[in-house]
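Trainee: This structure is in structure tokens; I'll ask about it shortly.
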Amino acid sequence: MRIVVLAGGISTERDVSLMSGSRIYKALSENGHETILLDVFLGYEGDPDKVFDLHIDWAEKVAPVREEEPDILEVIKSRKDQSNMLFGPNVIRICKDADIVFMALHGDCGENGKIQATFDLFDIKYTGTDALSSALAMDKFLTKQMFRTHGVKTPESFLLKSPDDPRVPEFPCVVKICSGGSSIGVYITRDQEEYNEALQKAFRYEGKVLVEQYIEGRELTDCVIEGEALPIVEIVPLTGFYDYKNKYQAGSTNEICPAQISESATKKIQEMAIKAYHALGIQTYARMDFIMTEDEEVYCLEANTLPGMTPLSLVPQEAAAIGKSFNDLCEWILEISLKKYA
């Protein structure tokens with residue numbers, strides 16, 4: 001097949017997306033597909049009719065994910081046409097010429113449903129779920145509303161639209177931006193001073209912030225593919241919580257797959273993951289994140305509709321636990337995504 005692996009963009013998860021895209025590009029190329037890696041924001045300045053023939057390969061130049069978030073302003077300045085349009089030069093044209101677009105985007109610009117909706121209008125096939133479920137899952141407040149409606153247990157929370165909101169939470173609590181990913185803009189606060197500081201930081205990212213009940217427990221995650229749950233991963237950061245640094249810097253976190261938990265807890269989490277998947281109307285695949293207390297009370301935190309595919313990402317580890325290589329996983333995602341268009 002002729003495949004565009006779409007990555008990059010201008011979200012705070014740009015570097016993660018590029019690394020995911022680079023790995024997916026290599027896997028699909030090894031699988032025999034005619035594949036290119038394309039940055040959704042920077043696009044391609046050459047002749048779009050020849051882009052597949054040229055076999056342009058810049059995947060090897062993608063740098064490892066750094067400890068710090070990318071400088072998005074510098075990325076925007078680097079675009080030759082100086083446009084702030086999300087789609088760079090020739091992106092739509094090249095994607096239309098492909099058999100399918102493999103979505104390797106992460107964060108707001110790739111997971112909020114806008115690109116999916118655009119592709120639907122242009123009749124461009126893509127991997128992953130549709131525009132509506134993407135939008136619901138990206139907005140953590142809406143996600144929780146859907147979870148509660150469908151009986152998926154989730155921590156209590158309230159939404160703020162200003163750092164001056166007078167409501168005072170019960171401490172400790174979690175402050176998180178409403179539509180972020182990779183734990184960017186997430187803060188655990190234990191008193192009023194930390195809380196006020198966290199609000200100021202969070203509102204620099206966006207205008208909606210979620211204040212969530214803090215649950216002490218084990219961090220777990222589970223991917224659902226075609227409505228079936230994979231083996232669960234337990235995430236054990238060596239210090240702090242599973243933040244941006246601990247997610248993407250080798251040696252910062254231990255990931256245990258399958259998680260060493262009881263059979264009853266395994267069943268509970270997998271059933272809740274499937275329930276969360278259906279509550280949001282997700283198609284194809286997604287990864288759900290959980291906290292489990294000492295007495296095995298399980299809370300679903302959120303859903304990730306385009307989970308990471310970096311060397312340290314969790315879904316490839318879950319696939320490996322059932323005997324599927326990374327290349328197998330990429331092919332599997334392609335196959336189930338094409339079923340949407342059958």
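Letters for chains follow the order of the structure tokens (A, B, ...), residue numbers begin at 1 for each chain, and ligand numbers begin at 1 in the order shown.
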Considering only C-alpha atoms, return as a list in words whatever protein or nucleic-acid residues lie within 7 Å of segment 102-111 of chain A, sequence-local ones (same chain, fewer than 3 positions apart) excluded.

Mentor: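 Result of the neighbour search: Ile3, Val4, Val5, Leu6, Ala7, Gly8, Gly9, Ile10, Ser11, Thr12, Glu13, Ser17, Ser20, Gly21, Ile115, Tyr126, Thr127, Ser134, Met138, Ser179, Gly180, Gly181, Thr305 and Leu306 of chain A.
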
Trainee: I need the chosen residues saved as a compact mmCIF listing (two decimals), in the first residue's frame, with N, CA and C atoms.

Mentor:
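What landed in again.txt:
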```
# COMPACT_ATOMS: atom_id res chain seq x y z
N ILE A 3 1.39 4.63 1.75
CA ILE A 3 1.01 5.11 3.08
C ILE A 3 1.78 6.39 3.43
N VAL A 4 1.06 7.38 3.93
CA VAL A 4 1.66 8.57 4.54
C VAL A 4 1.63 8.37 6.05
N VAL A 5 2.79 8.45 6.69
CA VAL A 5 2.86 8.47 8.15
C VAL A 5 2.89 9.94 8.54
N LEU A 6 1.82 10.40 9.18
CA LEU A 6 1.67 11.82 9.48
C LEU A 6 2.09 12.09 10.92
N ALA A 7 3.04 13.00 11.10
CA ALA A 7 3.62 13.24 12.43
C ALA A 7 3.92 14.73 12.60
N GLY A 8 4.58 15.06 13.71
CA GLY A 8 5.03 16.43 13.96
C GLY A 8 3.92 17.33 14.47
N GLY A 9 3.64 18.39 13.71
CA GLY A 9 2.63 19.34 14.16
C GLY A 9 3.18 20.35 15.13
N ILE A 10 2.27 21.07 15.79
CA ILE A 10 2.69 22.15 16.69
C ILE A 10 2.06 21.99 18.08
N SER A 11 1.83 20.77 18.51
CA SER A 11 1.41 20.55 19.89
C SER A 11 2.65 20.41 20.76
N THR A 12 2.44 20.43 22.07
CA THR A 12 3.56 20.25 23.00
C THR A 12 4.14 18.84 22.92
N GLU A 13 3.45 17.94 22.23
CA GLU A 13 3.93 16.57 22.07
C GLU A 13 4.58 16.34 20.70
N SER A 17 5.65 12.78 18.84
CA SER A 17 5.00 12.42 17.58
C SER A 17 6.04 12.08 16.51
N SER A 20 7.47 8.69 17.29
CA SER A 20 6.49 7.66 16.93
C SER A 20 6.44 7.48 15.41
N GLY A 21 6.36 8.59 14.70
CA GLY A 21 6.28 8.54 13.23
C GLY A 21 7.49 7.89 12.60
N ILE A 115 -8.26 17.17 12.58
CA ILE A 115 -7.64 16.58 11.40
C ILE A 115 -8.49 15.44 10.87
N TYR A 126 -7.75 7.15 7.16
CA TYR A 126 -6.73 7.32 8.20
C TYR A 126 -6.89 6.26 9.28
N THR A 127 -5.82 6.02 10.01
CA THR A 127 -5.86 5.04 11.09
C THR A 127 -6.44 5.68 12.35
N SER A 134 -12.57 11.22 18.97
CA SER A 134 -11.29 11.88 19.22
C SER A 134 -11.50 13.14 20.05
N MET A 138 -10.19 13.75 23.89
CA MET A 138 -9.14 14.76 24.09
C MET A 138 -9.51 15.73 25.20
N SER A 179 -7.01 19.60 27.83
CA SER A 179 -6.83 18.92 26.54
C SER A 179 -5.38 18.59 26.23
N GLY A 180 -4.59 18.36 27.25
CA GLY A 180 -3.19 18.05 27.03
C GLY A 180 -2.91 16.57 27.02
N GLY A 181 -1.64 16.23 26.78
CA GLY A 181 -1.21 14.85 26.80
C GLY A 181 0.22 14.75 27.28
N THR A 305 -6.40 8.25 22.33
CA THR A 305 -6.85 7.68 21.06
C THR A 305 -5.72 7.50 20.05
N LEU A 306 -4.59 8.18 20.24
CA LEU A 306 -3.41 7.95 19.42
C LEU A 306 -2.22 7.78 20.36
```

Trainee: Determine, for each residue of segment 199-238 of chain A having at least one atom at most 6 Å from an atom of segment 171-175 of chain A, the closest pair of atoms and their separation in Å to one decimal, counting only C-alpha atoms; order by chain and ascending number, as JSON lines.

Mentor:
```
{"residue": "A:Leu210", "atom": "CA", "partner": "A:Val175", "partner_atom": "CA", "distance": 5.9}
{"residue": "A:Val211", "atom": "CA", "partner": "A:Val175", "partner_atom": "CA", "distance": 4.7}
{"residue": "A:Glu212", "atom": "CA", "partner": "A:Val174", "partner_atom": "CA", "distance": 5.0}
{"residue": "A:Gln213", "atom": "CA", "partner": "A:Cys173", "partner_atom": "CA", "distance": 5.1}
{"residue": "A:Tyr214", "atom": "CA", "partner": "A:Cys173", "partner_atom": "CA", "distance": 4.5}
```

Trainee: Enter the distance from atom CA of Asn254 of chain A to atom CA of Ala286 of chain A, in Å, rounded to one decimal.

Mentor: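 For atom CA of Asn254 of chain A relative to atom CA of Ala286 of chain A, the distance reads 21.6 Å.
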
Trainee: Hey, what's within 12 Å of Asp164 of chain A if we count only C-alpha atoms and toss same-chain stuff fewer than 3 positions away? As a list of chain:residue names, please?

Mentor: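 The residues that qualify are A:Leu160, A:Lys161, A:Arg167, A:Val168, A:Tyr195, A:Asn196, A:Glu197, A:Leu199, A:Gln200, A:Phe203, A:Val209.
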
Trainee: Got a sec: who's within 12 Å of Ser29 of chain A, counting only C-alpha atoms, leaving out chain neighbours fewer than 5 positions off, as a VMD selection string?

Mentor: chain A and resid 1 to 5 21 to 24 34 to 37 55 57 59 327 330 to 331

Trainee: Keeping C-alpha atoms, export the residues of the selection given above as a compact mmCIF listing (two decimals), in the first residue's frame.

Mentor:
```
# COMPACT_ATOMS: atom_id res chain seq x y z
CA MET A 1 0.00 0.00 0.00
CA ARG A 2 0.96 3.63 -0.43
CA ILE A 3 1.01 5.11 3.08
CA VAL A 4 1.66 8.57 4.54
CA VAL A 5 2.86 8.47 8.15
CA GLY A 21 6.28 8.54 13.23
CA SER A 22 9.89 7.62 12.60
CA ARG A 23 9.43 4.15 14.10
CA ILE A 24 6.14 3.54 12.29
CA GLU A 34 5.48 2.40 -0.15
CA THR A 35 5.78 4.81 2.77
CA ILE A 36 6.73 8.42 3.46
CA LEU A 37 7.04 10.34 6.73
CA HIS A 55 11.48 7.95 -1.36
CA ASP A 57 13.83 9.49 4.05
CA ALA A 59 13.26 9.42 9.59
CA ASN A 327 6.02 -4.33 12.83
CA CYS A 330 1.65 -1.42 12.89
CA GLU A 331 0.20 -3.87 10.34
```

Trainee: Counting only C-alpha atoms, what is within 6 Å of Ile235 of chain A, bar same-chain residues fewer than 2 positions away, as an mmCIF file with C-alpha atoms, in the first residue's frame?

Mentor:
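Dumped to part03.cif:
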```
data_model
loop_
_atom_site.group_PDB
_atom_site.id
_atom_site.type_symbol
_atom_site.label_atom_id
_atom_site.label_comp_id
_atom_site.auth_asym_id
_atom_site.auth_seq_id
_atom_site.Cartn_x
_atom_site.Cartn_y
_atom_site.Cartn_z
ATOM 1 C CA GLU A 219 -0.498 3.484 37.939
ATOM 2 C CA LEU A 220 -1.754 1.059 35.295
ATOM 3 C CA GLU A 255 7.168 -0.824 33.075
#
```

Trainee: So that I can check the secondary structure, give me every residue of segment 45-205 of chain A assigned strand (DSSP E or B) by backbone DSSP, as a ChimeraX atom specification.

Mentor: /A:100-103,126,157-160,173-177,186-189

Trainee: Write out, as a compact mmCIF listing (two decimals), in the first residue's frame, the residues just selected, with N, CA and C atoms.

Mentor:
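Writing the result to result38.txt gives the following:
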```txt
# COMPACT_ATOMS: atom_id res chain seq x y z
N ILE A 100 -3.86 5.22 2.55
CA ILE A 100 -4.29 5.51 3.92
C ILE A 100 -3.22 6.36 4.59
N VAL A 101 -3.63 7.15 5.56
CA VAL A 101 -2.71 7.95 6.37
C VAL A 101 -2.59 7.26 7.74
N PHE A 102 -1.37 6.94 8.13
CA PHE A 102 -1.14 6.37 9.46
C PHE A 102 -0.91 7.54 10.41
N MET A 103 -1.83 7.74 11.33
CA MET A 103 -1.79 8.89 12.23
C MET A 103 -0.79 8.64 13.35
N TYR A 126 -7.75 7.15 7.16
CA TYR A 126 -6.73 7.32 8.20
C TYR A 126 -6.89 6.26 9.28
N SER A 157 -14.02 15.65 40.13
CA SER A 157 -13.28 16.78 39.56
C SER A 157 -14.22 17.95 39.34
N PHE A 158 -13.63 19.11 39.09
CA PHE A 158 -14.41 20.26 38.62
C PHE A 158 -13.56 21.06 37.64
N LEU A 159 -14.25 21.80 36.78
CA LEU A 159 -13.61 22.53 35.69
C LEU A 159 -13.44 24.00 36.05
N LEU A 160 -12.28 24.55 35.75
CA LEU A 160 -12.02 25.97 35.94
C LEU A 160 -11.77 26.64 34.59
N CYS A 173 -4.60 17.36 45.62
CA CYS A 173 -5.41 17.28 44.41
C CYS A 173 -4.50 17.37 43.20
N VAL A 174 -5.06 17.06 42.05
CA VAL A 174 -4.32 17.12 40.79
C VAL A 174 -4.88 18.27 39.95
N VAL A 175 -3.99 19.10 39.45
CA VAL A 175 -4.35 20.17 38.53
C VAL A 175 -3.83 19.75 37.16
N LYS A 176 -4.70 19.76 36.15
CA LYS A 176 -4.26 19.35 34.81
C LYS A 176 -5.00 20.14 33.74
N ILE A 177 -4.28 20.44 32.67
CA ILE A 177 -4.94 21.12 31.56
C ILE A 177 -5.95 20.16 30.94
N VAL A 186 0.44 18.95 34.04
CA VAL A 186 -0.17 18.19 35.13
C VAL A 186 0.65 18.41 36.40
N TYR A 187 -0.03 18.74 37.51
CA TYR A 187 0.65 19.06 38.76
C TYR A 187 -0.09 18.44 39.94
N ILE A 188 0.65 17.79 40.82
CA ILE A 188 0.06 17.29 42.06
C ILE A 188 0.33 18.34 43.14
N THR A 189 -0.73 18.82 43.75
CA THR A 189 -0.59 19.91 44.73
C THR A 189 -1.08 19.45 46.10
```
